[in-house]
Structure formats: structure tokens, C-alpha cells
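**Student:** Shown below is the structure under consideration.
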Amino acid sequence: MKPQLDQDHGRHLYREMLRIRRFEERCVELYSVEKIRGFLHLYIGEEAVAVGVMQTLGLEDAVVATYREHGHALARGVTADSIMAEMFGKLEGCSRGRGGSMHLFDARTRFYGGNAIVGGGLPIAVGLALADKLQEREHATVCFFGEGAVAEGEFHESLNLAALWDLPVLFCCENNLYAMGTALERSESEIELTLKAASYEMPAWSVDGMDVLAVEAAAHRAVEAIRAGGGPYFLEMRTYRFRAHSMYDPELYRDKSEVAAWKQRDPLVLFERQLREFAFIDDAAVAAVEAEVADEIDAAVEFAEAGTLEPIEDLTRFVYHESTP
């Protein structure tokens with residue numbers, strides 16, 4: 001069942017997805033002129049997943065994401081300023097400029113990464129959920145990971161313990177069909193991912209990850225059950241990344257026709273069409289949202305440009321424990 005959609009909520013969902021799309025498009029431009037260095041993994045095409053799931057969370061819930069996490073961070077409430085400054089390697093970034101694209105972190109919003117290790121966020125999410133349960137807090141933890149992570153030992157260990165201990169965690173698998181350049185059917189003997197989760201005795205089902213309302217409805221159902229003591233849940237979001245795995249990827253593993261076919265289901269285009277059918281949005285409203293988002297991103301780039309590089313004498317700080325200011 002899809003959630004009730006009114007004009008304000010519809011425009012909010014559309015704006016959030018547009019923020020992610022335009023933010024990352026600007027990142028491509030900045031990467032090409034070497035303002036952003038290191039690795040850059042884009043989320044374009046998968047925006048409906050992050051935006052839909054985040055609608056179900058409260059401020060005290062925790063989020064753990066992957067190295068393709070700009071969209072999760074923006075949708076969670078991490079500011080565009082601090083994310084862009086992090087990409088620029090500036091002290092004003094959410095990880096003091098030390099993490100870069102793959103290691104966004106923001107304690108204020110309980111956004112615990114940004115993790116460059118495939119499957120590395122799963123044990124962290126289990127630990128966060130265990131802490132909430134032991135301290136009798138009615139919080140939920142959401143863990144995003146790609147389908148490539150299901151082949152990792154951390155996936156099986158984490159789901160086993162989460163089910164065994166009945167932990168309040170939502171495992172959100174973003175199945176975009178390719179682990180870097182390896183298609184799912186070339187690396188997994190069982191490609192029905194929900195069966196893997198179900199083998200650990202937890203509810204699991206697949207969702208159209210290109211439909212933000214379907215994502216929101218599924219996540220709402222799962223998170224409500226988790227809060228009620230229903231233990232862990234698993235959602236497989238069937239989605240697609242429109243860009244290559246990373247900026248260095250020649251993308252020889254998939255046909256252009258396949259990419260073009262998936263772009264016919266662009267979550268932004270589909271949802272804008274829905275909003276127009278409901279008369280919730282028109283050309284003027286779209287232009288206004290575009291202008292608002294453009295202003296936010298321009299300001300973020302300006303903020304990052306004016307940021308501060310960490311002094312060389314601080315190079316060894318935080319190698320061992322040190323409290324942040």
C-alpha cells in the first residue's frame with residue numbers, strides 16, 4: 001500500500017531527489033577540474049531509495065551507508081556545505097576533510113558513514129542496534145549496502161546476530177545489478193536476495209527502487225514493525241545507477257542499450273510525471289525548485305572554496321584517540 005500523497009509531501013520528495021541529482025552533477029564538473037580528488041562514486045539513478053527510506057526515520061534513529069553515500073547523507077540532513085567541503089578536503093567538511101567522498105560522517109544527524117569497505121557497515125549497524133536494545137531505546141538503525149555485499153562474510157554474520165538477538169535494524173540492500181563491473185548472476189549462485197535474508201528467519205521482500213512512493217511505503221511498514229519489537233527486517237531495493245561505478249570506470253561490462261532502457265524509468269522523471277498528473281506541480285513550480293536547489297549547491301561550492309586546509313603540523317593528529325573540539 002502506498003502512503004497518502006499530498007502536494008507538500010510530493011514536492012518535498014521531488015526536491016530531495018533533485019538535490020541529490022544536481023549535487024552529484026556538480027561534483028562531476030568539479031572532479032574534472034580537480035577541485036575534488038580521490039575516488040568519486042555517484043548515486044545518480046538511485047535517488048528514490050535514499051529519499052524514500054529517510055522519510056520513515058526520526059532524529060534519534062541511526063543510518064549507516066556505503067561509499068556511494070552522498071545521497072544518503074543529503075537526504076538524512078547532513079548539510080550540502082559540509083559534504084562539499086569534505087569533498088574539497090577542507091577542515092569545514094563533516095569529517096574534517098580527512099574522509100573525502102567515501103567517508104562522510106555526521107554525529108549530529110546520527111549518520112555513521114560512509115564506509116569504503118564492501119559490507120563494512122553491516123557490523124557497525126548491528127552494534128548500533130544492539131546498543132539501542134540494551135539501553136531500551138525505541139530507535140531503529142538503517143543500514144544501506146549494495147548487492148555485492150551479500151557475498152561477504154559480514155553480511156551473513158550480521159544478519160545471523162541481528163536475528164538471533166532480535167535487534168531493531170533495517171537491512172536495506174540497494175541491488176543495482178553490478179558489484180563494480182561484475183553482474184550479480186556471474187558472482188552469486190542464488191540471485192533472489194530475499195531468500196538469503198529469509199534463511200535467517202527475518203521478514204524480507206523486494207521493492208521497486210525507482211518508485212519513491214513504493215520505497216517509502218515499504219520502509220514505513222518495516223520500520224514501524226521494528227519499533228514495535230519485530231526484530232530485524234530486510235528490503236531489497238531493485239534500482240540502477242545511471243553512471244559508471246566510479247569516475248575511472250570505462251564501463252565495458254554493460255551495454256549502452258541496457259542503460260538507456262533503465263533511464264526510461266528515471267525516478268525523478270517518473271515522479272515528476274505523477275505530480276503533474278495530480279496537479280501538484282507545474283512548469284513554474286519545477287523551475288522554482290530547480291532555482292532553489294541551484295542556489296543551495298552554488299552556496300555549498302562557495303563554502304567549500306573558502307574553506308581551510310588542515311595544517312601540516314596536524315598530520316598525525318587522531319592517529320590515536322583524541323577528542324574532537
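FYI, nothing fancy with the C-alpha cells labels: chains A, B, ... in order, residues from 1 per chain, ligands from 1 as they appear.
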Can you build me a table of region 10-125 of chain A residues sitting at most 12 Å from region 203-207 of chain A, with the closest atom pair per residue and its distance in Å to one decimal, using only C-alpha atoms, sorted by chain and residue number, as CSV?

**Tutor:**
residue,atom,partner,partner_atom,distance
A:Ala48,CA,A:Val207,CA,11.2
A:Val49,CA,A:Val207,CA,9.5
A:Gly52,CA,A:Val207,CA,11.2
A:Val53,CA,A:Val207,CA,11.5

**Student:** Using only C-alpha atoms, which protein or nucleic acid residues come within 10 Å of Leu30 (chain A)? Drop anything in the same chain fewer than 6 positions from it, and give the result as a PyMOL selection string.

**Tutor:** chain A and resi 24+36-37+87-88+301

**Student:** Provide the CA of Thr239 (chain A) to CA of Asp166 (chain A) distance in Å, to one decimal place.

**Tutor:**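 One can read the CA of Thr239 (chain A) to CA of Asp166 (chain A) distance as 28.1 Å.
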
**Student:** Applying 8 Å and only C-alpha atoms, which residues near region 141-154 of chain A remain after dropping the ones on its own chain fewer than 5 positions away? List them as a PyMOL selection string.

**Tutor:** chain A and resi 61-66+118-123+125+128-129+168-179+184+188+193

**Student:** Quick one: pick out all strand (DSSP E or B) residues within region 34-221 of chain A from a backbone DSSP run and write them as JSON, numbers by chain.

**Tutor:** {"A": [62, 63, 64, 106, 111, 141, 142, 143, 144, 145, 146, 169, 170, 171, 172, 173, 174, 175, 178, 179, 182, 183, 204, 205, 206, 207, 208]}

**Student:** Show me, as an MDAnalysis selection string, the residues that have an atom within 7 Å of region 269-283 of chain A when counting only C-alpha atoms, minus same-chain residues fewer than 4 positions from it.

**Tutor:** chainID A and resid 7 10 265 287

**Student:** Store the residues of this selection in a file with all heavy atoms, as a compact mmCIF listing (two decimals), in the first residue's frame.

**Tutor:**
# COMPACT_ATOMS: atom_id res chain seq x y z
N GLN A 7 0.20 17.50 -1.70
CA GLN A 7 1.07 18.37 -2.50
C GLN A 7 2.38 18.67 -1.79
O GLN A 7 3.46 18.60 -2.38
CB GLN A 7 0.35 19.66 -2.84
CG GLN A 7 1.16 20.56 -3.77
CD GLN A 7 0.39 21.80 -4.16
OE1 GLN A 7 -0.07 22.56 -3.29
NE2 GLN A 7 0.22 22.03 -5.44
N GLY A 10 4.60 15.58 -1.67
CA GLY A 10 5.07 15.27 -3.02
C GLY A 10 6.19 16.20 -3.45
O GLY A 10 7.21 15.77 -4.00
N ARG A 265 13.07 4.63 -16.83
CA ARG A 265 12.43 4.56 -15.51
C ARG A 265 13.15 5.48 -14.51
O ARG A 265 13.22 5.18 -13.31
CB ARG A 265 12.40 3.13 -14.99
CG ARG A 265 11.68 2.17 -15.93
CD ARG A 265 11.12 0.96 -15.19
NE ARG A 265 10.09 1.34 -14.24
CZ ARG A 265 10.22 1.21 -12.92
NH1 ARG A 265 11.32 0.69 -12.42
NH2 ARG A 265 9.27 1.60 -12.10
N ALA A 287 10.48 24.93 -12.08
CA ALA A 287 11.54 25.95 -12.24
C ALA A 287 11.94 26.54 -10.89
O ALA A 287 13.13 26.80 -10.64
CB ALA A 287 11.05 27.06 -13.17

**Student:** Using only C-alpha atoms, which residues sit within 12 Å of Tyr67 (chain A) once same-chain residues fewer than 5 positions away are excluded, as a JSON list (two decimals) with N, CA, C and O atoms, in the first residue's frame?

**Tutor:**
[["chain", "number", "residue", "atom", "x", "y", "z"],
["A", 39, "PHE", "N", 38.60, 9.11, -5.08],
["A", 39, "PHE", "CA", 37.52, 8.37, -5.74],
["A", 39, "PHE", "C", 36.20, 9.14, -5.65],
["A", 39, "PHE", "O", 35.99, 9.94, -4.74],
["A", 40, "LEU", "N", 35.35, 8.88, -6.61],
["A", 40, "LEU", "CA", 34.04, 9.53, -6.63],
["A", 40, "LEU", "C", 33.03, 8.53, -7.20],
["A", 40, "LEU", "O", 33.09, 8.17, -8.37],
["A", 41, "HIS", "N", 32.13, 8.06, -6.35],
["A", 41, "HIS", "CA", 31.11, 7.10, -6.75],
["A", 41, "HIS", "C", 29.75, 7.79, -6.71],
["A", 41, "HIS", "O", 29.33, 8.28, -5.67],
["A", 42, "LEU", "N", 29.09, 7.82, -7.85],
["A", 42, "LEU", "CA", 27.86, 8.60, -7.96],
["A", 42, "LEU", "C", 26.60, 7.74, -7.75],
["A", 42, "LEU", "O", 26.58, 6.55, -8.09],
["A", 43, "TYR", "N", 25.59, 8.38, -7.21],
["A", 43, "TYR", "CA", 24.33, 7.73, -6.81],
["A", 43, "TYR", "C", 23.22, 8.00, -7.83],
["A", 43, "TYR", "O", 22.10, 7.56, -7.65],
["A", 72, "HIS", "N", 22.56, 9.51, 0.50],
["A", 72, "HIS", "CA", 22.06, 9.17, 1.84],
["A", 72, "HIS", "C", 22.32, 10.33, 2.81],
["A", 72, "HIS", "O", 21.47, 10.66, 3.64],
["A", 73, "ALA", "N", 23.52, 10.91, 2.72],
["A", 73, "ALA", "CA", 23.88, 11.98, 3.65],
["A", 73, "ALA", "C", 22.98, 13.20, 3.45],
["A", 73, "ALA", "O", 22.47, 13.78, 4.41],
["A", 99, "GLY", "N", 38.14, 12.41, 5.30],
["A", 99, "GLY", "CA", 37.44, 11.23, 4.79],
["A", 99, "GLY", "C", 37.19, 11.28, 3.30],
["A", 99, "GLY", "O", 37.24, 10.25, 2.63],
["A", 100, "GLY", "N", 36.87, 12.47, 2.79],
["A", 100, "GLY", "CA", 36.54, 12.59, 1.38],
["A", 100, "GLY", "C", 35.22, 11.92, 1.04],
["A", 100, "GLY", "O", 34.41, 11.62, 1.91],
["A", 101, "SER", "N", 35.04, 11.69, -0.24],
["A", 101, "SER", "CA", 33.76, 11.22, -0.76],
["A", 101, "SER", "C", 33.25, 9.95, -0.08],
["A", 101, "SER", "O", 32.06, 9.80, 0.15],
["A", 102, "MET", "N", 34.15, 9.02, 0.25],
["A", 102, "MET", "CA", 33.70, 7.71, 0.73],
["A", 102, "MET", "C", 33.52, 7.62, 2.24],
["A", 102, "MET", "O", 33.12, 6.58, 2.74],
["A", 103, "HIS", "N", 33.84, 8.70, 2.98],
["A", 103, "HIS", "CA", 33.81, 8.60, 4.44],
["A", 103, "HIS", "C", 33.10, 9.78, 5.07],
["A", 103, "HIS", "O", 33.62, 10.41, 5.98],
["A", 104, "LEU", "N", 31.92, 10.07, 4.59],
["A", 104, "LEU", "CA", 31.11, 11.12, 5.21],
["A", 104, "LEU", "C", 30.63, 10.63, 6.57],
["A", 104, "LEU", "O", 30.25, 9.46, 6.73],
["A", 105, "PHE", "N", 30.61, 11.52, 7.56],
["A", 105, "PHE", "CA", 30.21, 11.16, 8.92],
["A", 105, "PHE", "C", 29.64, 12.40, 9.59],
["A", 105, "PHE", "O", 30.19, 13.50, 9.44],
["A", 112, "TYR", "N", 26.40, 7.50, 10.42],
["A", 112, "TYR", "CA", 27.66, 6.84, 10.75],
["A", 112, "TYR", "C", 28.34, 6.24, 9.51],
["A", 112, "TYR", "O", 28.73, 5.09, 9.48],
["A", 113, "GLY", "N", 28.50, 7.02, 8.50],
["A", 113, "GLY", "CA", 29.23, 6.58, 7.30],
["A", 113, "GLY", "C", 28.29, 6.16, 6.22],
["A", 113, "GLY", "O", 27.21, 5.78, 6.50],
["A", 114, "GLY", "N", 28.96, 6.26, 5.07],
["A", 114, "GLY", "CA", 30.29, 6.39, 4.55],
["A", 114, "GLY", "C", 31.27, 5.31, 5.00],
["A", 114, "GLY", "O", 32.02, 5.53, 5.94],
["A", 115, "ASN", "N", 31.32, 4.17, 4.26],
["A", 115, "ASN", "CA", 32.29, 3.15, 4.58],
["A", 115, "ASN", "C", 32.83, 2.57, 3.27],
["A", 115, "ASN", "O", 32.09, 2.07, 2.45],
["A", 116, "ALA", "N", 34.16, 2.66, 3.09],
["A", 116, "ALA", "CA", 34.76, 2.25, 1.81],
["A", 116, "ALA", "C", 34.90, 0.74, 1.68],
["A", 116, "ALA", "O", 35.17, 0.24, 0.60],
["A", 117, "ILE", "N", 34.72, 0.00, 2.78],
["A", 117, "ILE", "CA", 34.87, -1.45, 2.74],
["A", 117, "ILE", "C", 33.52, -2.08, 2.39],
["A", 117, "ILE", "O", 32.52, -1.83, 3.06],
["A", 118, "VAL", "N", 33.50, -2.88, 1.34],
["A", 118, "VAL", "CA", 32.24, -3.52, 0.95],
["A", 118, "VAL", "C", 31.73, -4.39, 2.10],
["A", 118, "VAL", "O", 32.43, -5.28, 2.58],
["A", 119, "GLY", "N", 30.53, -4.11, 2.55],
["A", 119, "GLY", "CA", 29.94, -4.86, 3.66],
["A", 119, "GLY", "C", 30.41, -4.38, 5.02],
["A", 119, "GLY", "O", 29.94, -4.88, 6.05],
["A", 120, "GLY", "N", 31.31, -3.42, 5.05],
["A", 120, "GLY", "CA", 31.88, -2.98, 6.32],
["A", 120, "GLY", "C", 30.90, -2.29, 7.24],
["A", 120, "GLY", "O", 31.11, -2.24, 8.46],
["A", 121, "GLY", "N", 29.83, -1.74, 6.69],
["A", 121, "GLY", "CA", 28.86, -1.04, 7.52],
["A", 121, "GLY", "C", 27.91, -1.97, 8.26],
["A", 121, "GLY", "O", 27.28, -1.58, 9.25],
["A", 144, "PHE", "N", 22.40, 0.72, 4.75],
["A", 144, "PHE", "CA", 22.38, 0.61, 3.29],
["A", 144, "PHE", "C", 23.64, -0.14, 2.83],
["A", 144, "PHE", "O", 24.73, 0.12, 3.33],
["A", 145, "PHE", "N", 23.47, -1.01, 1.87],
["A", 145, "PHE", "CA", 24.62, -1.70, 1.28],
["A", 145, "PHE", "C", 24.22, -2.20, -0.11],
["A", 145, "PHE", "O", 23.03, -2.32, -0.42],
["A", 146, "GLY", "N", 25.22, -2.47, -0.94],
["A", 146, "GLY", "CA", 24.93, -2.95, -2.28],
["A", 146, "GLY", "C", 24.79, -4.46, -2.33],
["A", 146, "GLY", "O", 25.12, -5.17, -1.38],
["A", 180, "MET", "N", 30.71, -3.29, -8.72],
["A", 180, "MET", "CA", 31.70, -2.68, -9.61],
["A", 180, "MET", "C", 31.34, -3.10, -11.05],
["A", 180, "MET", "O", 30.35, -2.64, -11.57],
["A", 245, "HIS", "N", 30.63, 2.87, -12.36],
["A", 245, "HIS", "CA", 30.87, 2.57, -10.94],
["A", 245, "HIS", "C", 31.59, 3.72, -10.25],
["A", 245, "HIS", "O", 31.23, 4.13, -9.15],
["A", 246, "SER", "N", 32.63, 4.22, -10.89],
["A", 246, "SER", "CA", 33.36, 5.38, -10.36],
["A", 246, "SER", "C", 33.87, 6.19, -11.55],
["A", 246, "SER", "O", 33.67, 5.80, -12.71]]

**Student:** Give me, as a VMD selection string, all polymer residues having an atom no more than 10 Å from Ser199 (chain A), counting only C-alpha atoms and skipping those fewer than 4 positions away in the same chain.

**Tutor:** chain A and resid 156 159 to 160 194 to 195 203 to 204

**Student:** For the residues in that selection, give me all heavy atoms as a compact mmCIF listing (two decimals), in the first residue's frame.

**Tutor:**
# COMPACT_ATOMS: atom_id res chain seq x y z
N HIS A 156 26.46 -12.26 6.29
CA HIS A 156 25.86 -13.43 6.94
C HIS A 156 26.03 -13.37 8.46
O HIS A 156 25.10 -13.70 9.20
CB HIS A 156 26.46 -14.69 6.35
CG HIS A 156 26.21 -14.81 4.88
ND1 HIS A 156 25.02 -15.27 4.35
CD2 HIS A 156 26.97 -14.45 3.81
CE1 HIS A 156 25.06 -15.22 3.03
NE2 HIS A 156 26.24 -14.73 2.68
N LEU A 159 23.51 -10.55 9.71
CA LEU A 159 22.09 -10.94 9.70
C LEU A 159 21.82 -12.04 10.72
O LEU A 159 20.76 -12.05 11.37
CB LEU A 159 21.67 -11.39 8.30
CG LEU A 159 21.07 -10.29 7.42
CD1 LEU A 159 22.10 -9.23 7.08
CD2 LEU A 159 20.45 -10.86 6.15
N ASN A 160 22.76 -12.94 10.88
CA ASN A 160 22.58 -14.01 11.86
C ASN A 160 22.45 -13.43 13.27
O ASN A 160 21.51 -13.77 14.02
CB ASN A 160 23.76 -14.97 11.79
CG ASN A 160 23.66 -16.07 12.84
OD1 ASN A 160 22.69 -16.82 12.86
ND2 ASN A 160 24.64 -16.14 13.72
N THR A 194 16.27 -11.91 -1.33
CA THR A 194 15.37 -12.01 -0.17
C THR A 194 15.42 -13.41 0.44
O THR A 194 15.19 -13.59 1.64
CB THR A 194 13.93 -11.66 -0.56
OG1 THR A 194 13.54 -12.48 -1.66
CG2 THR A 194 13.79 -10.21 -0.95
N LEU A 195 15.71 -14.42 -0.39
CA LEU A 195 15.82 -15.79 0.15
C LEU A 195 16.98 -15.91 1.12
O LEU A 195 16.91 -16.65 2.11
CB LEU A 195 15.97 -16.79 -1.00
CG LEU A 195 14.78 -16.96 -1.94
CD1 LEU A 195 15.10 -17.96 -3.04
CD2 LEU A 195 13.54 -17.38 -1.16
N PRO A 203 11.76 -11.16 8.17
CA PRO A 203 10.92 -10.77 7.05
C PRO A 203 11.75 -10.08 5.97
O PRO A 203 12.62 -9.26 6.29
CB PRO A 203 9.91 -9.80 7.68
CG PRO A 203 9.93 -10.13 9.15
CD PRO A 203 11.33 -10.56 9.44
N ALA A 204 11.47 -10.42 4.72
CA ALA A 204 12.26 -9.87 3.62
C ALA A 204 11.40 -9.78 2.38
O ALA A 204 10.68 -10.73 2.06
CB ALA A 204 13.48 -10.75 3.38

**Student:** Just asking: which residues within region 8-232 of chain A are helix (DSSP H, G or I) according to DSSP, as a PyMOL selection string?

**Tutor:** chain A and resi 8-32+47-54+70-76+80-87+100-102+107-109+121-134+147-151+153-164+184-187+193-198+212-227

**Student:** By how many Å are CA of Leu134 (chain A) and CA of Asp106 (chain A) apart?

**Tutor:**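 Here the two named atoms are 23.2 Å from each other.
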
**Student:** Mind running region 69-147 of chain A against region 44-47 of chain A at 10 Å and telling me each contacting residue's nearest atom pair with the distance in Å (one decimal), counting only C-alpha atoms, chain and number ascending, as CSV?

**Tutor:**
residue,atom,partner,partner_atom,distance
A:His70,CA,A:Ile44,CA,9.9
A:Gly71,CA,A:Glu47,CA,6.6
A:His72,CA,A:Glu47,CA,8.5
A:Ala75,CA,A:Glu47,CA,9.1
